[in-house]
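S.K.: Pasting run30.cif here (mmCIF, C-alpha atoms):
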```
data_query
loop_
_atom_site.label_atom_id
_atom_site.label_comp_id
_atom_site.auth_asym_id
_atom_site.auth_seq_id
_atom_site.Cartn_x
_atom_site.Cartn_y
_atom_site.Cartn_z
CA MET A 806 0.00 0.00 0.00
CA THR A 807 1.39 3.47 -0.87
CA THR A 808 1.69 6.33 1.61
CA THR A 809 -1.28 8.02 -0.09
CA ASP A 810 -3.44 4.92 0.24
CA ARG A 811 -2.44 4.44 3.86
CA ARG A 812 -3.47 7.99 4.61
CA GLY A 813 -6.79 7.33 2.85
CA VAL A 814 -7.52 4.33 5.07
CA LEU A 815 -6.64 6.32 8.19
CA ARG A 816 -8.91 9.16 7.06
CA ALA A 817 -11.76 6.73 6.46
CA GLY A 818 -11.35 5.15 9.88
CA ALA A 819 -11.07 8.51 11.61
CA GLY A 820 -14.17 9.76 9.86
CA LEU A 821 -16.18 6.79 11.14
CA VAL A 822 -15.17 7.41 14.73
CA ALA A 823 -15.75 11.15 14.45
CA GLY A 824 -19.19 10.55 12.97
CA GLY A 825 -20.20 8.16 15.74
CA ALA A 826 -20.29 5.12 13.47
CA LEU A 827 -18.85 2.99 16.24
CA ALA A 828 -21.39 4.16 18.80
CA ALA A 829 -22.78 1.57 21.21
CA GLY A 830 -25.41 -0.69 19.76
CA CYS A 831 -25.02 -4.44 20.29
CA ALA A 832 -22.77 -4.72 23.36
CA SER A 833 -19.14 -5.70 22.78
CA THR A 834 -17.51 -8.58 24.61
CA GLY A 835 -14.00 -7.91 23.35
CA THR A 836 -13.98 -11.20 21.41
CA ALA A 837 -14.06 -9.55 17.99
CA PRO A 838 -11.30 -7.25 16.76
CA HIS A 839 -13.76 -4.63 15.46
CA SER A 840 -17.25 -3.41 16.29
CA ALA A 841 -20.05 -4.89 14.18
CA ALA A 842 -21.47 -1.64 12.84
CA SER A 843 -24.42 -1.55 10.47
CA ASP A 844 -23.84 -1.22 6.76
CA ALA A 845 -26.08 1.79 6.33
CA PRO A 846 -26.59 3.65 9.65
CA PRO A 847 -24.23 3.23 12.63
CA GLY A 848 -24.18 0.23 14.94
CA ALA A 849 -21.83 -1.90 17.02
CA SER A 850 -20.80 -5.42 17.87
CA ALA A 851 -21.27 -8.62 19.66
CA SER A 852 -22.43 -9.83 23.04
CA ALA A 853 -22.00 -13.27 24.51
CA GLY A 854 -24.45 -16.05 23.71
CA ALA A 855 -24.81 -19.76 24.23
CA GLY A 856 -23.92 -22.21 21.48
CA SER A 857 -26.67 -24.37 20.05
CA GLY A 858 -26.66 -27.87 21.40
CA SER A 859 -28.23 -29.35 18.28
CA SER A 860 -25.75 -28.17 15.66
CA ARG A 861 -22.11 -28.66 16.45
CA PRO A 862 -19.42 -26.93 14.40
CA ALA A 863 -17.38 -29.21 12.19
CA ALA A 864 -14.07 -30.36 13.64
CA HIS A 865 -11.14 -28.31 12.42
CA THR A 866 -8.55 -30.52 10.77
CA SER A 867 -5.47 -29.95 8.69
CA ALA A 868 -6.92 -31.91 5.74
CA ALA A 869 -8.04 -29.74 2.85
CA PRO A 870 -11.88 -29.72 2.83
CA ARG A 871 -14.05 -29.78 -0.26
CA ALA A 872 -14.00 -26.38 -1.97
CA ALA A 873 -16.96 -24.15 -1.25
CA PRO A 874 -19.19 -22.84 -4.06
CA ALA A 875 -17.80 -20.01 -6.17
CA PRO A 876 -19.67 -16.81 -7.07
CA ARG A 877 -22.26 -17.15 -9.83
CA SER A 878 -23.67 -14.81 -12.41
CA PHE A 879 -27.48 -14.74 -12.32
CA LEU A 880 -28.98 -14.02 -15.71
CA GLY A 881 -31.38 -11.11 -15.67
CA GLN A 882 -30.25 -9.85 -12.27
CA PRO A 883 -28.68 -6.38 -11.89
CA ALA A 884 -25.08 -5.82 -10.84
CA GLN A 885 -26.36 -4.82 -7.39
CA ILE A 886 -29.07 -7.12 -6.06
CA SER A 887 -31.48 -5.95 -3.36
CA HIS A 888 -34.15 -8.65 -3.66
CA GLY A 889 -35.11 -11.79 -5.51
CA PRO A 890 -38.22 -12.75 -7.50
CA ARG A 891 -41.35 -11.34 -5.91
CA ASN A 892 -43.54 -14.17 -7.17
CA GLU A 893 -41.72 -16.85 -5.15
CA PRO A 894 -42.58 -17.56 -1.48
CA ARG A 895 -38.97 -17.38 -0.37
CA VAL A 896 -36.81 -14.85 1.49
CA ALA A 897 -33.09 -14.59 2.27
CA LEU A 898 -31.94 -13.77 5.79
CA THR A 899 -28.44 -12.29 5.49
CA PHE A 900 -26.12 -11.83 8.46
CA HIS A 901 -23.20 -9.49 8.98
CA GLY A 902 -20.52 -11.99 10.05
CA GLN A 903 -18.73 -10.59 13.08
CA GLY A 904 -18.99 -10.86 16.85
CA ASP A 905 -18.91 -13.57 19.51
CA PRO A 906 -18.72 -16.94 17.74
CA ALA A 907 -20.87 -18.57 20.44
CA LEU A 908 -23.70 -16.19 19.56
CA ALA A 909 -23.14 -16.89 15.87
CA ARG A 910 -23.40 -20.63 16.50
CA THR A 911 -26.64 -20.07 18.40
CA LEU A 912 -28.13 -18.21 15.45
CA LEU A 913 -26.97 -20.84 12.95
CA GLY A 914 -28.31 -23.64 15.12
CA THR A 915 -31.69 -21.94 15.50
CA ALA A 916 -31.97 -21.50 11.74
CA GLU A 917 -31.10 -25.16 11.15
CA GLU A 918 -33.60 -26.36 13.75
CA HIS A 919 -36.31 -24.54 11.79
CA GLY A 920 -35.16 -25.92 8.44
CA ALA A 921 -33.90 -22.50 7.36
CA ARG A 922 -30.68 -21.61 5.61
CA VAL A 923 -29.06 -18.16 5.72
CA THR A 924 -26.36 -16.09 4.06
CA VAL A 925 -23.36 -14.88 6.08
CA LEU A 926 -21.21 -11.98 4.85
CA ALA A 927 -18.05 -12.41 6.90
CA VAL A 928 -15.58 -9.71 7.93
CA GLY A 929 -12.00 -10.78 7.25
CA THR A 930 -10.66 -9.92 10.69
CA TRP A 931 -13.41 -12.08 12.21
CA LEU A 932 -12.31 -14.98 10.04
CA ASP A 933 -8.72 -14.37 11.17
CA ALA A 934 -9.78 -14.57 14.81
CA HIS A 935 -12.25 -17.46 14.37
CA PRO A 936 -11.24 -19.44 11.27
CA GLU A 937 -13.36 -22.44 12.28
CA MET A 938 -16.53 -20.40 11.70
CA ALA A 939 -16.08 -20.49 7.92
CA ARG A 940 -16.52 -24.27 7.85
CA ARG A 941 -19.26 -24.15 10.51
CA ILE A 942 -21.29 -21.88 8.23
CA LEU A 943 -20.74 -23.95 5.09
CA ASP A 944 -21.27 -27.30 6.82
CA GLY A 945 -24.69 -26.04 7.93
CA GLY A 946 -25.71 -25.53 4.30
CA HIS A 947 -25.50 -21.75 4.42
CA ASP A 948 -24.03 -19.24 1.96
CA LEU A 949 -20.74 -17.58 2.92
CA GLY A 950 -19.51 -14.33 1.41
CA ASN A 951 -17.17 -11.35 1.68
CA HIS A 952 -17.91 -8.26 3.80
CA THR A 953 -14.44 -6.65 3.44
CA GLN A 954 -11.40 -7.16 5.62
CA HIS A 955 -11.77 -4.47 8.30
CA HIS A 956 -15.38 -3.26 7.89
CA LEU A 957 -14.41 0.33 7.21
CA SER A 958 -16.39 2.65 4.93
CA VAL A 959 -15.20 1.05 1.72
CA ASN A 960 -17.07 3.48 -0.56
CA ASP A 961 -15.03 6.36 0.91
CA MET A 962 -11.63 4.78 0.35
CA PRO A 963 -9.18 5.51 -2.47
CA GLU A 964 -9.05 2.82 -5.12
CA ALA A 965 -6.03 0.87 -3.91
CA ALA A 966 -7.26 0.75 -0.32
CA ALA A 967 -10.77 -0.33 -1.35
CA ARG A 968 -9.31 -3.03 -3.58
CA SER A 969 -7.22 -4.30 -0.68
CA GLU A 970 -10.28 -4.47 1.60
CA ILE A 971 -12.11 -6.66 -0.93
CA THR A 972 -9.23 -8.90 -1.97
CA ALA A 973 -7.84 -9.43 1.54
CA CYS A 974 -11.14 -10.88 2.72
CA ALA A 975 -11.47 -12.88 -0.51
CA ASP A 976 -7.99 -14.33 0.09
CA ARG A 977 -8.93 -15.44 3.60
CA LEU A 978 -12.11 -17.09 2.37
CA LYS A 979 -10.13 -18.83 -0.37
CA ARG A 980 -7.55 -20.09 2.10
CA LEU A 981 -10.18 -21.39 4.52
CA THR A 982 -12.74 -22.81 2.09
CA GLY A 983 -11.21 -23.03 -1.39
CA SER A 984 -13.53 -20.28 -2.68
CA ILE A 985 -13.67 -16.48 -2.45
CA GLY A 986 -17.26 -16.86 -1.25
CA THR A 987 -20.52 -16.66 -3.14
CA TRP A 988 -21.30 -12.99 -2.47
CA PHE A 989 -19.76 -9.59 -1.79
CA ARG A 990 -21.48 -6.93 0.30
CA PRO A 991 -19.85 -3.51 0.83
CA SER A 992 -19.12 -2.52 4.42
CA ARG A 993 -20.96 0.43 5.98
CA ALA A 994 -23.10 0.99 2.90
CA LEU A 995 -26.43 -0.14 1.52
CA THR A 996 -25.04 -0.18 -2.01
CA ALA A 997 -21.57 -0.11 -3.54
CA SER A 998 -20.19 2.98 -5.26
CA PRO A 999 -19.42 2.56 -8.98
CA LEU A 1000 -15.74 2.14 -8.07
CA VAL A 1001 -16.38 -0.54 -5.43
CA GLU A 1002 -18.81 -2.32 -7.74
CA ARG A 1003 -16.10 -2.46 -10.40
CA LEU A 1004 -13.44 -3.62 -7.94
CA ALA A 1005 -15.73 -6.37 -6.65
CA ARG A 1006 -16.41 -7.57 -10.18
CA THR A 1007 -12.68 -7.60 -10.93
CA ALA A 1008 -12.10 -9.62 -7.75
CA GLY A 1009 -14.52 -12.27 -9.05
CA TYR A 1010 -17.95 -11.25 -7.75
CA PRO A 1011 -20.46 -10.77 -10.62
CA HIS A 1012 -22.99 -9.17 -8.26
CA VAL A 1013 -22.99 -6.95 -5.17
CA LEU A 1014 -25.51 -8.09 -2.55
CA SER A 1015 -27.65 -5.36 -1.01
CA TYR A 1016 -30.99 -5.78 0.82
CA ASP A 1017 -34.52 -4.36 0.91
CA VAL A 1018 -35.41 -5.04 4.57
CA ASP A 1019 -33.31 -3.68 7.46
CA SER A 1020 -34.00 -5.28 10.85
CA LEU A 1021 -32.24 -2.37 12.64
CA ASP A 1022 -30.98 -4.97 15.11
CA TYR A 1023 -27.66 -3.13 15.52
CA THR A 1024 -29.55 -0.38 17.40
CA SER A 1025 -30.40 -2.91 20.15
CA PRO A 1026 -34.15 -2.18 20.02
CA GLY A 1027 -35.11 -5.47 21.69
CA ALA A 1028 -36.16 -8.79 20.23
CA ALA A 1029 -39.80 -7.78 19.72
CA ALA A 1030 -38.77 -4.71 17.72
CA VAL A 1031 -36.32 -6.71 15.59
CA THR A 1032 -39.11 -9.17 14.75
CA ARG A 1033 -41.56 -6.36 14.01
CA ASN A 1034 -39.07 -4.44 11.85
CA VAL A 1035 -38.65 -7.47 9.62
CA LEU A 1036 -42.23 -8.72 9.52
CA ASP A 1037 -43.69 -5.28 8.76
CA ARG A 1038 -41.64 -5.07 5.53
CA VAL A 1039 -40.78 -8.57 4.39
CA ARG A 1040 -42.45 -10.14 1.35
CA GLY A 1041 -41.65 -12.74 -1.25
CA GLY A 1042 -38.14 -12.24 -2.62
CA SER A 1043 -36.95 -10.00 0.23
CA VAL A 1044 -33.32 -9.90 1.33
CA VAL A 1045 -33.15 -9.09 5.05
CA SER A 1046 -30.19 -7.49 6.84
CA LEU A 1047 -29.35 -8.92 10.29
CA HIS A 1048 -26.23 -9.14 12.47
CA PHE A 1049 -24.53 -12.04 14.25
CA GLY A 1050 -23.25 -9.70 16.96
CA CYS A 1051 -26.63 -8.78 18.45
CA PRO A 1052 -28.11 -10.90 21.26
CA GLY A 1053 -31.58 -9.48 20.57
CA THR A 1054 -31.40 -11.04 17.12
CA ALA A 1055 -30.74 -14.47 18.61
CA THR A 1056 -33.77 -14.01 20.86
CA ALA A 1057 -35.92 -12.80 17.99
CA LEU A 1058 -35.00 -15.45 15.44
CA PRO A 1059 -37.26 -18.34 16.60
CA ALA A 1060 -40.40 -16.17 16.53
CA LEU A 1061 -39.34 -14.57 13.26
CA LEU A 1062 -38.84 -17.93 11.56
CA ALA A 1063 -42.11 -19.27 12.96
CA GLU A 1064 -44.05 -16.29 11.58
CA LEU A 1065 -42.35 -16.51 8.19
CA ASP A 1066 -43.37 -20.14 8.08
CA ARG A 1067 -46.95 -19.26 9.05
CA ARG A 1068 -47.03 -16.79 6.15
CA GLY A 1069 -45.74 -19.45 3.79
CA LEU A 1070 -42.36 -17.74 3.32
CA ARG A 1071 -39.37 -20.08 3.38
CA ALA A 1072 -35.98 -18.77 4.55
CA VAL A 1073 -33.33 -19.88 2.03
CA THR A 1074 -29.81 -18.91 1.02
CA THR A 1075 -29.48 -15.99 -1.36
CA THR A 1076 -28.16 -18.41 -3.99
CA GLU A 1077 -31.34 -20.45 -3.71
CA LEU A 1078 -33.50 -17.32 -3.67
CA LEU A 1079 -32.15 -16.31 -7.07
CA SER A 1080 -31.85 -19.78 -8.62
#
```
Once more with this new file: its structure as structure tokens, please.
M.R.:
Amino acid sequence: MTTTDRRGVLRAGAGLVAGGALAAGCASTGTAPHSAASDAPPGASASAGAGSGSSRPAAHTSAAPRAAPAPRSFLGQPAQISHGPRNEPRVALTFHGQGDPALARTLLGTAEEHGARVTVLAVGTWLDAHPEMARRILDGGHDLGNHTQHHLSVNDMPEAAARSEITACADRLKRLTGSIGTWFRPSRALTASPLVERLARTAGYPHVLSYDVDSLDYTSPGAAAVTRNVLDRVRGGSVVSLHFGCPGTATALPALLAELDRRGLRAVTTTELLS
């Protein structure tokens, strides 16, 4: 990285702190190297949670596992995807992948108990700290994607720094799973800037994954509010934004999945939503 690019990253990080983007939301336990802030408004990171007893993470071994699915190009879909087909009774629950891994395992286990599959957009530093979570996500039948390396405001970075944020996380996913992940979602943004969209495509991601329903769970509104925020807006084809690092989300998920099922909406991976 050049001196100019390094200064750009520092400016981006300083701007987030000055703007309150790391303000308290989901309580931090100190287990994750960065706060789990929302990708549009501000937020924060993880609190402790209990692991699910019904879904154990796969054992971590030195043997090279089967390669994970690679990104796909979906014919007829825009470069930046915010929802799937509206005429299908399916929705995609997408999770910002950062925070206490015990809480993440609880959320994954709850989804699996309800026959649901989700999409996890992982932060690279979280994968560095908890490499076993990549296989835990994939072994549960879920999608795994790229949410940048440090979860800074990638749209505000100079080109070289933004490229590094995307490719560094892609490299970690590749090392851990054999694939760069099925999706890319920009950090601290609802949509990617034209530059970041181009850089993601060059890195191997045909689409940028956005969303049309924001749970606002990073504001710690309580489980009932998280459930209400989703159910008031969700419909067939919706892509919902949620966070691993929020204990209220873990509390809300069983009721949320039960109500989706009652409405005839099946929670699937984003890949399945668009297939």
S.K.: Return as an MDAnalysis selection string the set of residues that the PyMOL selection byres ((chain A and resi 1032) around 10) yields on the displayed structure.
M.R.: chainID A and resid 1020:1022 1027:1031 1033:1037 1053:1054 1056:1062 1064
S.K.: Pull out every residue that the PyMOL selection byres ((chain A and resi 900) around 9) matches in the shown coordinates and put them as a PyMOL selection string.
M.R.: chain A and resi 898-899+901-903+923-927+1045-1049
S.K.: Is there a way to get, as a ChimeraX atom specification, all residues within 12 Å of the point (-23.7, -9.7, 1.8) in file coordinates, counting all atoms listed in the file?
M.R.: /A:843-844,885-888,897-902,923-928,948-953,986-997,1010,1012-1016,1044-1048,1074-1076
S.K.: If I take atom CA of Ala939 of chain A and atom CA of Pro1052 of chain A, how far is one from the other in Å, to one decimal?
M.R.: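 It comes out at 20.4 Å.
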S.K.: One decimal, in Å: what's the spacing between atom CA of Glu893 of chain A and atom CA of Gly1041 of chain A?
M.R.: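 For atom CA of Glu893 of chain A relative to atom CA of Gly1041 of chain A, the distance reads 5.7 Å.
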